[in-house]
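Asks: Dropping in upload.txt, with compact mmCIF, C-alpha atoms.
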```
# COMPACT_ATOMS: atom_id res chain seq x y z
CA MET A 1 96.61 119.26 116.08
CA PRO A 2 100.08 117.81 115.43
CA GLU A 3 101.82 119.25 112.37
CA PRO A 4 103.14 116.57 109.99
CA VAL A 5 106.60 117.24 108.54
CA ILE A 6 109.00 115.43 106.24
CA VAL A 7 112.21 114.41 107.98
CA GLU A 8 113.89 112.39 105.23
CA ALA A 9 113.18 111.01 101.76
CA VAL A 10 115.23 108.55 99.73
CA ARG A 11 114.99 106.34 96.69
CA THR A 12 116.96 103.70 94.90
CA PRO A 13 118.29 104.46 91.44
CA PHE A 14 115.61 103.55 88.92
CA GLY A 15 116.80 100.61 86.84
CA ARG A 16 115.85 99.79 83.28
CA ARG A 17 113.56 96.85 82.63
CA ASP A 18 115.78 93.76 82.40
CA GLY A 19 118.69 95.93 83.53
CA THR A 20 120.94 96.08 86.57
CA LEU A 21 118.13 95.42 89.09
CA ARG A 22 116.59 92.54 87.10
CA GLU A 23 117.55 89.88 89.66
CA THR A 24 116.60 91.97 92.70
CA ARG A 25 113.27 90.97 94.19
CA PRO A 26 110.90 93.84 95.02
CA THR A 27 110.99 92.95 98.72
CA SER A 28 114.77 93.39 98.64
CA LEU A 29 114.52 96.72 96.80
CA LEU A 30 112.05 98.07 99.33
CA ALA A 31 113.95 96.67 102.32
CA HIS A 32 117.05 98.47 101.04
CA ALA A 33 115.11 101.75 100.84
CA LEU A 34 113.70 101.27 104.35
CA ARG A 35 117.10 100.55 105.85
CA GLY A 36 118.58 103.55 104.04
CA LEU A 37 115.82 105.84 105.27
CA VAL A 38 116.26 104.78 108.89
CA ARG A 39 120.04 105.11 108.66
CA ARG A 40 119.96 108.56 107.08
CA SER A 41 117.28 109.94 109.38
CA GLY A 42 118.86 108.66 112.59
CA LEU A 43 115.49 107.48 113.87
CA ALA A 44 115.49 104.46 116.15
CA PRO A 45 113.55 101.76 114.22
CA GLU A 46 111.38 100.92 117.23
CA GLU A 47 109.96 104.46 117.09
CA ILE A 48 108.21 103.78 113.76
CA ASP A 49 104.46 103.51 114.37
CA ASP A 50 103.45 102.34 110.88
CA VAL A 51 104.69 101.72 107.35
CA ILE A 52 102.38 102.58 104.44
CA CYS A 53 103.50 101.15 101.11
CA GLY A 54 102.39 101.93 97.57
CA CYS A 55 102.55 99.17 94.97
CA VAL A 56 100.51 98.89 91.78
CA THR A 57 100.86 95.33 90.54
CA GLN A 58 100.24 93.36 93.72
CA ALA A 59 100.81 89.89 92.37
CA GLY A 60 103.55 87.28 92.57
CA GLU A 61 106.60 88.72 94.29
CA GLN A 62 104.66 91.92 95.01
CA GLY A 63 101.70 90.15 96.59
CA ALA A 64 100.99 89.14 100.19
CA ASN A 65 101.35 92.72 101.51
CA VAL A 66 104.78 93.49 100.07
CA GLY A 67 105.16 96.37 102.54
CA ARG A 68 105.01 94.07 105.57
CA LEU A 69 107.31 91.53 103.92
CA ALA A 70 109.89 94.26 103.27
CA VAL A 71 109.64 95.53 106.85
CA MET A 72 110.57 92.06 108.08
CA LEU A 73 113.32 91.66 105.49
CA ALA A 74 114.76 95.06 106.43
CA GLY A 75 115.22 93.85 110.01
CA LEU A 76 112.82 96.37 111.52
CA PRO A 77 111.21 95.31 114.81
CA ASP A 78 108.35 92.83 114.51
CA GLU A 79 106.18 95.40 116.27
CA VAL A 80 106.32 97.72 113.23
CA PRO A 81 103.17 97.07 111.14
CA ALA A 82 102.71 97.76 107.44
CA VAL A 83 99.97 98.02 104.85
CA THR A 84 100.11 98.09 101.05
CA LEU A 85 97.81 100.26 98.91
CA ASN A 86 97.17 100.82 95.23
CA ARG A 87 96.27 104.22 93.81
CA MET A 88 98.07 103.17 90.66
CA CYS A 89 100.80 105.61 89.60
CA GLY A 90 100.08 107.84 92.60
CA SER A 91 100.43 105.00 95.10
CA SER A 92 103.47 106.09 97.09
CA GLN A 93 102.44 109.75 96.89
CA GLN A 94 99.13 108.65 98.40
CA ALA A 95 101.09 106.71 101.03
CA VAL A 96 102.75 110.01 101.99
CA HIS A 97 99.34 111.67 102.24
CA PHE A 98 98.00 108.90 104.46
CA ALA A 99 101.11 109.10 106.63
CA ALA A 100 100.67 112.86 107.07
CA GLN A 101 96.98 112.40 107.87
CA ALA A 102 97.79 109.78 110.52
CA ILE A 103 100.24 112.21 112.11
CA ALA A 104 97.77 115.12 111.97
CA ALA A 105 95.04 112.96 113.52
CA GLY A 106 97.32 112.07 116.40
CA ASP A 107 97.21 108.36 115.56
CA ALA A 108 100.97 108.13 115.07
CA ARG A 109 104.20 110.02 115.74
CA PHE A 110 106.52 108.55 113.09
CA VAL A 111 105.24 106.95 109.88
CA VAL A 112 107.21 105.67 106.91
CA ALA A 113 105.53 106.12 103.53
CA CYS A 114 107.17 104.06 100.82
CA GLY A 115 106.68 102.42 97.45
CA VAL A 116 108.10 99.71 95.24
CA GLU A 117 107.71 98.28 91.76
CA SER A 118 109.82 95.76 89.92
CA MET A 119 108.31 95.99 86.46
CA THR A 120 110.87 93.48 85.25
CA ARG A 121 109.86 90.76 87.69
CA VAL A 122 106.16 91.63 88.04
CA PRO A 123 104.88 92.93 84.68
CA MET A 124 101.99 95.37 84.42
CA PHE A 125 98.51 93.81 84.37
CA SER A 126 99.72 90.53 85.87
CA ASP A 127 97.50 91.25 88.87
CA ILE A 128 94.42 90.90 86.63
CA GLY A 129 95.78 88.22 84.33
CA GLY A 130 95.97 90.38 81.24
CA GLY A 131 94.74 93.69 79.83
CA PHE A 132 91.49 95.63 80.05
CA GLU A 133 89.55 92.78 78.47
CA LYS A 134 89.84 91.00 81.82
CA LEU A 135 87.82 93.67 83.62
CA ASP A 136 84.12 93.43 84.47
CA PRO A 137 82.12 93.42 81.19
CA GLU A 138 79.41 95.55 82.76
CA LEU A 139 81.97 98.22 83.62
CA LEU A 140 83.36 98.09 80.08
CA SER A 141 79.87 98.57 78.69
CA ARG A 142 79.52 101.78 80.71
CA LYS A 143 82.99 103.30 80.39
CA GLU A 144 85.39 103.47 77.48
CA LEU A 145 88.55 102.28 79.19
CA VAL A 146 91.56 102.49 76.90
CA HIS A 147 95.31 102.09 77.24
CA GLN A 148 97.03 105.16 78.67
CA GLY A 149 98.95 105.47 75.41
CA GLU A 150 95.68 105.97 73.55
CA SER A 151 94.69 108.58 76.13
CA ALA A 152 98.02 110.32 75.51
CA GLU A 153 97.19 110.39 71.79
CA ARG A 154 93.78 111.91 72.48
CA ILE A 155 95.42 114.55 74.64
CA ALA A 156 97.72 115.41 71.73
CA GLU A 157 94.67 115.87 69.50
CA ALA A 158 92.76 117.97 72.04
CA TRP A 159 95.66 120.34 72.77
CA GLY A 160 97.21 120.43 69.30
CA ILE A 161 100.47 118.86 70.44
CA THR A 162 102.82 117.82 67.64
CA ARG A 163 105.37 115.01 67.44
CA ASN A 164 108.12 117.62 67.49
CA ASP A 165 106.68 119.16 70.67
CA ALA A 166 106.68 115.79 72.41
CA ASP A 167 110.15 114.80 71.22
CA SER A 168 111.62 118.16 72.21
CA LEU A 169 110.32 117.86 75.76
CA SER A 170 111.69 114.32 75.94
CA ALA A 171 115.15 115.33 74.76
CA GLU A 172 115.18 118.12 77.32
CA SER A 173 114.24 115.66 80.06
CA HIS A 174 117.29 113.54 79.22
CA ARG A 175 119.52 116.62 78.95
CA ARG A 176 118.53 117.86 82.40
CA ALA A 177 118.83 114.43 83.98
CA ALA A 178 122.27 113.94 82.45
CA ALA A 179 123.41 117.41 83.54
CA ARG A 180 122.72 116.71 87.21
CA GLY A 181 125.71 116.70 89.47
CA GLU A 182 125.29 114.59 92.57
CA HIS A 183 122.15 112.56 93.25
CA PRO A 184 121.68 113.26 96.98
CA GLU A 185 118.32 111.49 97.30
CA ILE A 186 119.60 108.23 95.78
CA LEU A 187 120.79 105.25 97.80
CA PRO A 188 123.54 103.33 95.97
CA THR A 189 122.06 99.93 95.18
CA ARG A 190 123.75 96.66 94.24
CA GLY A 191 122.76 94.79 91.10
CA LEU A 192 124.23 92.86 88.19
CA ASP A 193 125.80 94.08 84.98
CA ALA A 194 125.04 92.49 81.60
CA GLU A 195 127.63 89.77 82.24
CA GLY A 196 126.22 88.92 85.66
CA ASN A 197 128.93 90.60 87.72
CA GLU A 198 127.90 92.46 90.87
CA VAL A 199 127.97 96.24 90.47
CA GLU A 200 126.73 99.24 92.41
CA LEU A 201 124.17 101.45 90.70
CA THR A 202 124.45 105.08 91.85
CA ALA A 203 122.34 106.90 89.26
CA ASP A 204 119.26 106.22 87.16
CA GLU A 205 120.01 103.67 84.48
CA GLY A 206 117.74 104.94 81.71
CA VAL A 207 119.18 108.44 81.31
CA ARG A 208 120.71 109.05 77.90
CA HIS A 209 123.66 111.44 78.04
CA SER A 210 123.37 112.12 74.35
CA VAL A 211 120.07 112.21 72.48
CA ASP A 212 120.07 112.16 68.70
CA PRO A 213 116.98 114.14 67.57
CA GLN A 214 117.00 112.40 64.18
CA LYS A 215 116.95 108.94 65.73
CA MET A 216 114.21 110.02 68.14
CA ALA A 217 112.17 111.32 65.21
CA GLN A 218 112.51 107.95 63.45
CA LEU A 219 110.92 105.97 66.31
CA ALA A 220 107.60 104.46 65.26
CA PRO A 221 104.38 105.44 67.05
CA VAL A 222 103.27 102.71 69.45
CA PHE A 223 99.52 103.16 69.80
CA ARG A 224 98.40 104.60 66.46
CA GLU A 225 99.91 104.20 63.04
CA ASP A 226 99.63 107.94 62.49
CA GLY A 227 100.13 108.88 66.14
CA ILE A 228 102.85 110.83 67.94
CA VAL A 229 103.38 108.73 71.10
CA THR A 230 106.58 106.68 70.91
CA ALA A 231 108.89 104.86 73.29
CA GLY A 232 111.09 107.95 73.14
CA ASN A 233 108.50 110.42 74.46
CA SER A 234 106.94 108.14 77.08
CA SER A 235 108.10 107.14 80.55
CA GLN A 236 110.44 104.18 80.80
CA ILE A 237 109.41 100.84 82.33
CA SER A 238 111.58 100.58 85.41
CA ASP A 239 112.45 98.93 88.73
CA GLY A 240 112.88 100.85 91.98
CA ALA A 241 111.81 101.73 95.50
CA SER A 242 111.41 104.87 97.59
CA ALA A 243 110.78 105.80 101.23
CA VAL A 244 109.77 108.96 103.11
CA LEU A 245 109.80 109.57 106.86
CA VAL A 246 106.87 111.69 108.07
CA ALA A 247 106.68 112.79 111.70
CA ALA A 248 104.88 115.11 114.08
CA ARG A 249 106.99 118.28 114.14
CA GLU A 250 107.28 118.54 117.93
CA THR A 251 108.02 114.83 118.22
CA ALA A 252 110.76 115.04 115.59
CA GLU A 253 112.37 118.04 117.27
CA ALA A 254 112.19 116.34 120.67
CA ALA A 255 114.05 113.38 119.13
CA GLU A 256 116.64 115.82 117.74
CA LEU A 257 115.56 115.13 114.16
CA LYS A 258 115.37 118.03 111.71
CA PRO A 259 112.00 118.81 110.07
CA ARG A 260 112.84 119.50 106.43
CA ALA A 261 109.44 120.46 104.97
CA ARG A 262 105.79 120.80 105.88
CA PHE A 263 102.64 120.18 103.89
CA LEU A 264 100.59 123.06 102.51
CA ALA A 265 98.21 120.90 100.47
CA ARG A 266 97.41 117.23 99.86
CA VAL A 267 94.98 116.47 97.04
CA ALA A 268 93.47 113.51 95.21
CA VAL A 269 90.96 114.03 92.41
CA GLY A 270 89.01 111.94 89.93
CA SER A 271 88.81 112.86 86.25
CA ASP A 272 87.54 111.55 82.90
CA PRO A 273 88.50 107.83 82.87
CA THR A 274 88.88 107.76 79.09
CA MET A 275 91.20 110.75 78.78
CA GLN A 276 92.40 109.56 82.24
CA LEU A 277 95.69 111.51 82.31
CA THR A 278 94.27 115.04 82.42
CA GLY A 279 93.55 114.94 86.17
CA VAL A 280 96.86 116.74 86.73
CA ILE A 281 95.16 119.96 85.63
CA PRO A 282 92.32 120.11 88.21
CA ALA A 283 94.57 118.51 90.86
CA THR A 284 97.15 121.27 90.45
CA ARG A 285 94.52 123.98 90.56
CA LEU A 286 92.97 122.54 93.72
CA ALA A 287 96.33 122.07 95.43
CA LEU A 288 97.38 125.65 94.66
CA LYS A 289 94.04 126.93 95.94
CA LYS A 290 94.37 124.97 99.18
CA ALA A 291 97.91 126.24 99.64
CA GLY A 292 96.84 129.81 98.92
CA ILE A 293 99.49 130.35 96.24
CA SER A 294 99.81 130.69 92.47
CA ILE A 295 101.83 128.48 90.18
CA LEU A 296 104.34 131.30 89.74
CA ASP A 297 105.06 131.23 93.49
CA LEU A 298 106.54 127.74 93.15
CA ASP A 299 110.30 127.27 93.16
CA TRP A 300 110.33 123.62 92.00
CA ILE A 301 107.72 121.44 90.28
CA GLU A 302 107.79 117.67 89.82
CA ILE A 303 105.15 116.49 87.36
CA ASN A 304 105.42 112.86 86.38
CA GLU A 305 106.34 112.47 82.73
CA ALA A 306 104.15 109.46 82.06
CA PHE A 307 103.88 110.81 78.51
CA ALA A 308 105.24 114.05 77.09
CA THR A 309 101.74 115.02 75.94
CA VAL A 310 100.49 115.01 79.55
CA VAL A 311 103.10 117.54 80.64
CA LEU A 312 102.55 119.71 77.57
CA ALA A 313 98.76 119.83 78.00
CA TRP A 314 99.16 120.61 81.72
CA ALA A 315 101.63 123.38 80.92
CA ALA A 316 99.32 124.87 78.31
CA GLU A 317 96.58 125.16 80.92
CA LEU A 318 98.63 126.21 83.99
CA GLU A 319 101.34 128.33 82.29
CA PRO A 320 104.19 127.56 84.69
CA ASP A 321 107.78 128.71 84.44
CA MET A 322 109.09 125.66 82.53
CA GLU A 323 112.60 126.19 83.91
CA LYS A 324 111.16 125.15 87.28
CA VAL A 325 109.37 122.08 85.91
CA ASN A 326 111.37 118.85 86.38
CA PRO A 327 114.70 120.70 86.64
CA TRP A 328 116.57 117.39 87.11
CA GLY A 329 114.67 115.65 84.32
CA GLY A 330 111.63 113.42 84.63
CA ALA A 331 110.32 109.91 84.08
CA ILE A 332 111.01 109.97 80.34
CA ALA A 333 114.68 110.06 81.32
CA HIS A 334 114.90 108.35 84.70
CA GLY A 335 112.00 105.93 84.43
CA HIS A 336 108.72 105.28 86.19
CA PRO A 337 108.61 102.27 88.54
CA LEU A 338 104.89 102.71 89.13
CA GLY A 339 104.43 102.24 92.87
CA ALA A 340 107.79 103.82 93.75
CA THR A 341 107.65 106.95 91.63
CA GLY A 342 105.55 109.10 93.96
CA GLY A 343 107.99 108.80 96.84
CA GLY A 344 110.90 109.13 94.43
CA LEU A 345 109.62 112.40 92.99
CA LEU A 346 109.02 113.76 96.47
CA ALA A 347 112.61 112.93 97.39
CA LYS A 348 113.80 114.77 94.25
CA LEU A 349 111.56 117.70 95.14
CA LEU A 350 112.84 117.94 98.72
CA TYR A 351 116.51 117.76 97.77
CA GLY A 352 115.96 120.03 94.79
CA LEU A 353 114.48 122.77 96.95
CA GLU A 354 117.39 122.46 99.33
CA ALA A 355 119.95 122.52 96.51
CA THR A 356 118.50 125.74 95.07
CA ASP A 357 117.46 127.39 98.36
CA GLY A 358 113.86 127.20 97.17
CA GLN A 359 110.88 127.34 99.48
CA LEU A 360 107.73 126.08 97.75
CA GLY A 361 107.37 122.90 95.74
CA LEU A 362 104.60 121.03 93.91
CA GLN A 363 104.42 117.35 93.02
CA VAL A 364 101.61 116.14 90.74
CA MET A 365 100.98 112.83 89.00
CA CYS A 366 98.49 111.50 86.47
CA ILE A 367 96.88 108.18 87.37
CA GLY A 368 95.20 105.42 85.41
CA HIS A 369 91.39 105.24 85.17
CA GLY A 370 91.25 109.03 85.55
CA MET A 371 92.72 110.32 88.82
CA SER A 372 95.54 112.53 90.05
CA THR A 373 97.43 113.23 93.26
CA ALA A 374 99.08 116.54 94.10
CA THR A 375 101.15 117.77 97.03
CA VAL A 376 102.44 121.22 97.91
CA ILE A 377 105.28 121.40 100.43
CA GLU A 378 107.16 124.27 102.04
CA ARG A 379 110.81 123.78 102.90
CA LEU A 380 111.60 124.61 106.50
```
Show the structure stored in the file as structure tokens.
Replies:
Amino acid sequence: MPEPVIVEAVRTPFGRRDGTLRETRPTSLLAHALRGLVRRSGLAPEEIDDVICGCVTQAGEQGANVGRLAVMLAGLPDEVPAVTLNRMCGSSQQAVHFAAQAIAAGDARFVVACGVESMTRVPMFSDIGGGFEKLDPELLSRKELVHQGESAERIAEAWGITRNDADSLSAESHRRAAARGEHPEILPTRGLDAEGNEVELTADEGVRHSVDPQKMAQLAPVFREDGIVTAGNSSQISDGASAVLVAARETAEAAELKPRARFLARVAVGSDPTMQLTGVIPATRLALKKAGISILDLDWIEINEAFATVVLAWAAELEPDMEKVNPWGGAIAHGHPLGATGGGLLAKLLYGLEATDGQLGLQVMCIGHGMSTATVIERL
């Protein structure tokens, strides 16, 4: 059976909503990531067998199979096909899993897994024309489907998480993100400044280099009057794209491309759709079991900071070394462009392991409606 490996992984900087990337169409963002991936990897574009794209809100500028549209816009050969999938926040991580599975099955030799989301240009829920009230009434009579922010509040109640706990984790996320040196996984991306002048974005736009704890503590709760979830301890609404090249190990080596990491586990789980964000706990446990390791064996962990309470509940259950959790900050600092985040976190994970001479890494993400994806990789 062919062994799937990661050859390269890149992402754009994540832009703030209505920020530098506000005028950049999602097809252009993704095309930029695809071109950057091909250029960095050194792979001849005609060698790509498939492109698998994650995108959550597939409407408007993100409709009509945005993955295929971006392939054409990127100038890849017409013979390179593409498909777009939606596993919500885990979409581009799932794209990586599908790419690896296609390689392992022998169906392909080189597959690009990618993701994109312009939350400025294609707002959340625009694919269903509104919020949960637009869903099937019969489904709503059977399941209590709530906003993820309400789920985050319920997690705080269940695990005894305080406002101070959540704000402290959030401030630390910004501190770590701001303390980064170079951003090796990021492709410089052109956009517009506030005055409309063209600029080049080279780092994530939402990172605060100085966080005032008093100001953070004064932010009003968003989902409950007496709640703890605020804009300051939740992931930022963002724009961005990511791309990962997955190949058969022997094929990559024959093409004189360097395998950078291999997969030890690929997991997707379902969980309680009302709490909906707690799937990271069973997903992590299953991924570690499949990889045959413990959480203390890991050198680097990327868990998506959709809400601070999610990370804190997960940590209470798994007891990781928190110094190895989101060492370069997380989505509270750098943002969460839904369909792009999975590939973006994997790129951070890969380059983070290399920067610290680490070997084992975990990526895990909570997903709406109660799911989670998790991946364990080993640096080669």
Asks: Which segment 211-301 of chain A residues have any atom within 12 Å of an atom of segment 358-371 of chain A, and for each, what is the nearest pair of atoms with distance in Å to one decimal, counting all atoms listed in the file, rows sorted by chain and number, as CSV?
Replies:
```
residue,atom,partner,partner_atom,distance
A:Arg260,CA,A:Gln359,CA,10.7
A:Ala261,CA,A:Gln359,CA,8.9
A:Arg262,CA,A:Leu360,CA,9.9
A:Phe263,CA,A:Gly361,CA,9.8
A:Leu264,CA,A:Leu360,CA,9.1
A:Ala265,CA,A:Leu362,CA,9.2
A:Arg266,CA,A:Gln363,CA,9.8
A:Val267,CA,A:Val364,CA,9.2
A:Ala268,CA,A:Met371,CA,7.2
A:Val269,CA,A:Met371,CA,5.5
A:Gly270,CA,A:Met371,CA,4.2
A:Ser271,CA,A:Gly370,CA,4.6
A:Asp272,CA,A:Gly370,CA,5.2
A:Pro273,CA,A:Gly370,CA,4.0
A:Thr274,CA,A:Gly370,CA,7.0
A:Met275,CA,A:Gly370,CA,7.0
A:Gln276,CA,A:Gly370,CA,3.5
A:Leu277,CA,A:Cys366,CA,5.0
A:Thr278,CA,A:Cys366,CA,6.8
A:Gly279,CA,A:Met371,CA,5.4
A:Val280,CA,A:Cys366,CA,5.5
A:Ile281,CA,A:Val364,CA,9.1
A:Pro282,CA,A:Met371,CA,9.8
A:Ala283,CA,A:Val364,CA,7.4
A:Thr284,CA,A:Val364,CA,6.8
A:Arg285,CA,A:Val364,CA,10.6
A:Leu286,CA,A:Val364,CA,11.2
A:Ala287,CA,A:Leu362,CA,8.5
A:Leu288,CA,A:Leu362,CA,8.6
A:Ala291,CA,A:Leu360,CA,10.0
A:Gly292,CA,A:Leu360,CA,11.6
A:Ile293,CA,A:Leu360,CA,9.4
A:Ser294,CA,A:Leu360,CA,10.6
A:Ile295,CA,A:Leu362,CA,8.8
A:Leu296,CA,A:Leu360,CA,10.1
A:Asp297,CA,A:Leu360,CA,7.2
A:Leu298,CA,A:Leu360,CA,5.0
A:Asp299,CA,A:Gly358,CA,5.4
A:Trp300,CA,A:Gly361,CA,4.8
A:Ile301,CA,A:Leu362,CA,4.8
```
Asks: Report as an mmCIF file with C-alpha atoms, in the coordinates of the input all protein, DNA and RNA residues lying within 6 Å of Gly206 of chain A, evaluated on only C-alpha atoms, omitting residues in the same chain fewer than 4 positions from it.
Replies:
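Produced file out_27.cif, reproduced below:
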```
data_model
loop_
_atom_site.group_PDB
_atom_site.id
_atom_site.type_symbol
_atom_site.label_atom_id
_atom_site.label_comp_id
_atom_site.auth_asym_id
_atom_site.auth_seq_id
_atom_site.Cartn_x
_atom_site.Cartn_y
_atom_site.Cartn_z
ATOM 1 C CA ARG A 16 115.850 99.790 83.280
ATOM 2 C CA ALA A 333 114.680 110.060 81.320
ATOM 3 C CA HIS A 334 114.900 108.350 84.700
#
```
Asks: Skip Leu85 of chain A itself and residues of its chain fewer than 6 positions away, then list as a PDB file with C-alpha atoms, in the coordinates of the input all residues within 10 Å of it, counting only C-alpha atoms.
Replies:
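The resulting selection.pdb:
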```
ATOM      1  CA  ILE A  52     102.380 102.580 104.440  1.00  0.00           C
ATOM      2  CA  CYS A  53     103.500 101.150 101.110  1.00  0.00           C
ATOM      3  CA  GLY A  54     102.390 101.930  97.570  1.00  0.00           C
ATOM      4  CA  CYS A  55     102.550  99.170  94.970  1.00  0.00           C
ATOM      5  CA  VAL A  56     100.510  98.890  91.780  1.00  0.00           C
ATOM      6  CA  GLN A  58     100.240  93.360  93.720  1.00  0.00           C
ATOM      7  CA  ASN A  65     101.350  92.720 101.510  1.00  0.00           C
ATOM      8  CA  VAL A  66     104.780  93.490 100.070  1.00  0.00           C
ATOM      9  CA  GLY A  67     105.160  96.370 102.540  1.00  0.00           C
ATOM     10  CA  SER A  91     100.430 105.000  95.100  1.00  0.00           C
ATOM     11  CA  SER A  92     103.470 106.090  97.090  1.00  0.00           C
ATOM     12  CA  GLN A  94      99.130 108.650  98.400  1.00  0.00           C
ATOM     13  CA  ALA A  95     101.090 106.710 101.030  1.00  0.00           C
ATOM     14  CA  GLY A 115     106.680 102.420  97.450  1.00  0.00           C
ATOM     15  CA  GLY A 339     104.430 102.240  92.870  1.00  0.00           C
TER      16      GLY A 339
END
```
Asks: Leaving out Leu135 of chain A and any residue of its chain fewer than 6 positions from it, which residues lie within 12 Å of it when counting only C-alpha atoms, given as a VMD selection string?
Replies: chain A and resid 125 127 to 129 141 to 146
Asks: Using all atoms listed in the file, collect all residues at a distance of at most 12 Å from (109.7, 96.4, 117.6) as written in the file, then present them as a VMD selection string.
Replies: chain A and resid 44 to 50 71 to 72 75 to 81
Asks: Calculated over all atoms listed in the file, which of the candidates A:Arg22, A:Lys348, A:Arg249, A:Lys134 has the smallest distance to Ile303 of chain A?
Replies: A:Lys348
Asks: Could you list, with a cut-off of 6 Å and counting only C-alpha atoms, the residues of segment 117-206 of chain A near segment 216-240 of chain A, each shown with its nearest atom pair and the distance in Å rounded to one decimal, rows sorted by chain and ascending number, as JSON lines?
Replies:
```
{"residue": "A:Glu117", "atom": "CA", "partner": "A:Asp239", "partner_atom": "CA", "distance": 5.7}
{"residue": "A:Ser118", "atom": "CA", "partner": "A:Asp239", "partner_atom": "CA", "distance": 4.3}
{"residue": "A:Met119", "atom": "CA", "partner": "A:Asp239", "partner_atom": "CA", "distance": 5.6}
{"residue": "A:Arg163", "atom": "CA", "partner": "A:Ile228", "partner_atom": "CA", "distance": 4.9}
{"residue": "A:Asp167", "atom": "CA", "partner": "A:Asn233", "partner_atom": "CA", "distance": 5.7}
{"residue": "A:Ser170", "atom": "CA", "partner": "A:Asn233", "partner_atom": "CA", "distance": 5.3}
```
Asks: Quick one: everything within 12 Å of Glu172 of chain A, counting only C-alpha atoms, minus sequence neighbours fewer than 5 positions away in the same chain. Send it as number ranges by chain.
Replies: A: 165-167, 177-179, 207-213, 232-233, 305, 308, 322-323, 325-333
Asks: Counting all atoms listed in the file, figure out which residue out of A:Arg68, A:Arg11, A:His147, A:Arg379 gets nearest to Ala203 of chain A.
Replies: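 Result for the nearest residue to Ala203 of chain A: A:Arg11.
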Asks: May I ask which of the residues A:Arg40, A:Thr20, A:Ala247, A:Ile6 is the closest one to Thr189 of chain A, counting all atoms listed in the file?
Replies: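 Of all the options, A:Thr20 lies closest to Thr189 of chain A.
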